[in-house]
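Colleague: Pasting in a structure now, in structure tokens, and then I'll have a few things to ask.
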There are 2 protein chains.
Amino acid sequence: MPNISYVDGVYQNYENSKININDRGYHFGDSVYEVILFNKGIFYDFEEHISRLFTSLNSINIKFSLSRISLKIIIKNLIKINRVSFGSVYIQVSRGIAERNHSYKGMNIKPLLSIIVTKKLNNIGNDTIGVKAITLDDNRWSRPDIKTTQLLPNVLAKTEANIKGAFEGIFIDSDGYVTEGSSSNIWIINNNNEIITRPIDGQILSGITRKTIAQFAKLNKLIVKEEKFKKQELYKSKEVFLTSASSFVTPIIEIDNIEINEGKIGQTSIDLRNLYFRNSRNNL
Amino acid sequence: MPNISYVDGVYQNYENSKININDRGYHFGDSVYEVILFNKGIFYDFEEHISRLFTSLNSINIKFSLSRISLKIIIKNLIKINRVSFGSVYIQVSRGIAERNHSYKGMNIKPLLSIIVTKKLNNIGNDTIGVKAITLDDNRWSRPDIKTTQLLPNVLAKTEANIKGAFEGIFIDSDGYVTEGSSSNIWIINNNNEIITRPIDGQILSGITRKTIAQFAKLNKLIVKEEKFKKQELYKSKEVFLTSASSFVTPIIEIDNIEINEGKIGQTSIDLRNLYFRNSRNNL
């Protein structure tokens, strides 16, 4: 297992990898993050994740001075040091360290970068597994489109799902529409074989895997629509699947104890998953 | 200035007071907190704050095994070590340290307690200062009644207020009603001299200072009502004030550039503030 992480300029063992007690990420969740997957020298959607990190930083006005190039060098270096072949890299940037005060006006503090490498156990290309999901009221703050560490609602949703024997919790907005999963985007395929996912309307994260899958699907003559859909439509869909950086394309075969596609993995979900692995990569 | 803090069983210098990079408080805001004020051997509402901390822990299912008594001893000891006469103590408990995973199902981890003492510069009893406020849409998650570190909306609100020359940002719900301030409860006094604050309806924190002030006011034959009120009523109120552990009772004399009580501090606000200092205390 990997044991070197990076915190504020220093590569060190996990046990010694610490952040100051006055870090605003710890006190306020005043930080943003990304998770990027890699496998045998290949990064999945590396540039897009780095771009989104900078977009998130900008959205909450964190002045991060490290260049994209330097950041990428640090990430790649950390993976090499850890000698991990298949895994994910977690990148977090907090606003920095300061005596606790809600307001950051006039604070001249340096954002803190921390990076953790995690080894993944399963290899890509193994049999696709279908998962169960539950639905829950979307009770997050108004900016789930920014990838911040305001994740307690997601934590509680995922835990509730797990306790109920499901893999994912799917958020439903106050009008009954699906927003997204606790750590994924949600897709349905209807009886006309149209692949549908919610548009980027400020109520969901602009998923990188989501975008990539949509592109690949269109290139392969599949019909992709960005439309809101209700919880009831989920239950009646031909196929349902989720996308995320760490789960790729994962079929959902049961929601709220209702079987989707008679509990079987749909062929289009499998096709999209294979398309993803064949096409989405940047060299490490 | 105080320089000793407490982290996970150890009293140490601030610079060395650190949290592991895998703490769930850092990754997810999966933690709760309290701030308690003290002055010359007196704690303000100590027992109530400790009780609320345990209520918060329970609300998000953090299994904290430290007893109330032990926690109180640690806090008091830390204040003595720091030789601070007037200040606040910040107490945070996170779910603990674990490899990053949204779900905490089945995780057998130990919650992490950290405590920081901060010296306050102004002494209680100085002239009461009236402050300005702005209003903003309440965009927090659905559980602001739990005192968690999901505080980025509060951070952004307070910062926006400060940038506009105001002290506090007041959240307005989607129906136009005042919920609470970014770090305070909000009160109005109408032309019938009724003192009004929003009831504990799940949309606001059950403020300790709020509760204490309501009790003192009633004991002094003032009329206190727990009712929702709209933003427009704020502007037209005879007096407006906020309450919080660190601001006590603080008059608000201008909101969204509209003067309250012609920009003057109201007498009832001053009376309540004085009542608070005279009556609210536990021995250190």
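Within each chain, counting starts at residue 1; across the structure tokens, chains are named A, B, ... in the order shown, with ligands numbered 1 upward in that order.
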For chain A, work out the contacting residues on chain B at 8 Å, counting only C-alpha atoms, and write them as a PyMOL selection string.
Modeller: chain B and resi 14-21+25-30+60+102-105+114+139-143+149-156+158-159+162-163
Colleague: DSSP on the backbone: which residues in segment 71-240 of chain A end up as strand (DSSP E)? Give the answer as a PyMOL selection string.
Modeller: chain A and resi 86-94+112-119+131-137+168-172+178-181+185-189+194-197+223-226+239-240
Colleague: Within 8 Å of Leu136 of chain B, counting only C-alpha atoms, which residues show up once you throw out same-chain ones fewer than 3 positions away? Write them as a list in words, please.
Modeller: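 The neighbour list is Ala157, Gly169, Ile170, Phe171 and Ile172 of chain B.
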Colleague: Using only C-alpha atoms, determine which residues lie at most 10 Å from segment 35-52 of chain A, disregarding the query and same-chain residues fewer than 5 positions distant; provide the list as a VMD selection string.
Modeller: chain A and resid 57 to 58 68 to 69 71 to 72 76 79 to 80 84 to 92 115 to 120 123 to 124 146 to 147 206 to 209 211 to 212 244 to 248 276 to 277 279 to 284
Colleague: Can I get the selected residues back with C-alpha atoms, as an mmCIF file, in the first residue's frame?
Modeller:
```cif
data_model
loop_
_atom_site.group_PDB
_atom_site.id
_atom_site.type_symbol
_atom_site.label_atom_id
_atom_site.label_comp_id
_atom_site.auth_asym_id
_atom_site.auth_seq_id
_atom_site.Cartn_x
_atom_site.Cartn_y
_atom_site.Cartn_z
ATOM 1 C CA LEU A 57 -10.693 27.376 -6.462
ATOM 2 C CA ASN A 58 -11.808 30.366 -8.457
ATOM 3 C CA ARG A 68 -0.870 23.846 -13.495
ATOM 4 C CA ILE A 69 2.467 22.528 -14.703
ATOM 5 C CA LEU A 71 0.884 20.766 -9.813
ATOM 6 C CA LYS A 72 0.977 18.080 -12.477
ATOM 7 C CA LYS A 76 3.035 12.454 -11.142
ATOM 8 C CA ILE A 79 2.579 8.407 -7.862
ATOM 9 C CA LYS A 80 6.051 7.318 -8.966
ATOM 10 C CA VAL A 84 1.397 2.287 -7.437
ATOM 11 C CA SER A 85 0.232 0.927 -10.777
ATOM 12 C CA PHE A 86 -3.548 1.174 -10.439
ATOM 13 C CA GLY A 87 -5.045 3.682 -8.076
ATOM 14 C CA SER A 88 -6.422 7.127 -7.505
ATOM 15 C CA VAL A 89 -4.893 10.398 -6.494
ATOM 16 C CA TYR A 90 -6.784 12.712 -4.133
ATOM 17 C CA ILE A 91 -5.917 16.392 -4.352
ATOM 18 C CA GLN A 92 -7.214 18.915 -1.802
ATOM 19 C CA ILE A 115 -2.211 14.967 -2.101
ATOM 20 C CA ILE A 116 -2.858 11.326 -1.236
ATOM 21 C CA VAL A 117 -2.339 8.304 -3.474
ATOM 22 C CA THR A 118 -4.567 5.289 -2.922
ATOM 23 C CA LYS A 119 -4.063 1.871 -4.446
ATOM 24 C CA LYS A 120 -7.109 0.260 -5.998
ATOM 25 C CA ASN A 123 -8.261 -4.134 -12.046
ATOM 26 C CA ILE A 124 -10.067 -2.304 -14.772
ATOM 27 C CA ILE A 146 -18.558 23.493 -6.891
ATOM 28 C CA LYS A 147 -16.403 20.549 -5.833
ATOM 29 C CA SER A 206 -20.112 19.025 -13.855
ATOM 30 C CA GLY A 207 -18.816 15.457 -13.827
ATOM 31 C CA ILE A 208 -15.706 14.782 -15.849
ATOM 32 C CA THR A 209 -16.600 11.145 -16.479
ATOM 33 C CA LYS A 211 -18.787 14.624 -20.011
ATOM 34 C CA THR A 212 -16.434 12.017 -21.414
ATOM 35 C CA SER A 244 -17.785 8.870 -11.474
ATOM 36 C CA ALA A 245 -14.008 9.062 -11.595
ATOM 37 C CA SER A 246 -13.628 6.064 -9.333
ATOM 38 C CA SER A 247 -16.628 3.972 -10.444
ATOM 39 C CA PHE A 248 -16.360 4.736 -14.193
ATOM 40 C CA TYR A 276 -14.677 4.548 -21.552
ATOM 41 C CA PHE A 277 -11.759 2.232 -20.888
ATOM 42 C CA ASN A 279 -10.838 5.770 -25.188
ATOM 43 C CA SER A 280 -10.327 7.910 -22.111
ATOM 44 C CA ARG A 281 -6.718 8.433 -21.242
ATOM 45 C CA ASN A 282 -3.835 10.789 -20.932
ATOM 46 C CA ASN A 283 -0.300 9.590 -20.585
ATOM 47 C CA LEU A 284 1.049 9.658 -17.054
#
```
Colleague: Which polymer residues have any atom within 10 Å of an atom of Asn257 of chain A, counting only C-alpha atoms, with same-chain residues fewer than 2 positions away left out, as a compact mmCIF listing (two decimals) with N, CA and C atoms, in the first residue's frame?
Modeller:
```txt
# COMPACT_ATOMS: atom_id res chain seq x y z
N LYS A 132 -26.94 -1.70 -6.33
CA LYS A 132 -28.23 -1.20 -5.86
C LYS A 132 -28.08 0.25 -5.43
N ALA A 133 -29.20 0.97 -5.44
CA ALA A 133 -29.19 2.36 -4.99
C ALA A 133 -30.47 2.66 -4.21
N ILE A 134 -30.43 3.70 -3.45
CA ILE A 134 -31.64 4.22 -2.80
C ILE A 134 -31.79 5.68 -3.20
N LYS A 164 -28.39 0.17 4.07
CA LYS A 164 -29.53 -0.51 3.45
C LYS A 164 -29.09 -1.50 2.36
N ALA A 166 -27.17 -0.94 -0.17
CA ALA A 166 -27.02 -0.34 -1.50
C ALA A 166 -25.65 0.31 -1.64
N TYR A 235 -37.38 4.45 -11.94
CA TYR A 235 -37.87 3.09 -11.69
C TYR A 235 -38.26 2.37 -12.98
N ILE A 253 -28.93 -1.75 -10.87
CA ILE A 253 -29.93 -2.77 -11.24
C ILE A 253 -31.11 -2.83 -10.27
N GLU A 254 -31.04 -2.01 -9.22
CA GLU A 254 -32.17 -1.97 -8.28
C GLU A 254 -32.16 -0.62 -7.57
N ILE A 255 -33.33 0.02 -7.50
CA ILE A 255 -33.44 1.31 -6.81
C ILE A 255 -34.63 1.27 -5.86
N GLU A 259 -36.57 -3.46 -8.97
CA GLU A 259 -35.59 -3.93 -9.96
C GLU A 259 -35.66 -3.10 -11.24
N ILE A 260 -34.51 -2.80 -11.79
CA ILE A 260 -34.41 -2.12 -13.10
C ILE A 260 -34.02 -3.20 -14.10
```
Colleague: Residues of segment 104-271 of chain A classed as alpha helix (DSSP H) by DSSP on the backbone are to be reported as a PyMOL selection string.
Modeller: chain A and resi 152-163+208-219+231-236+267-271
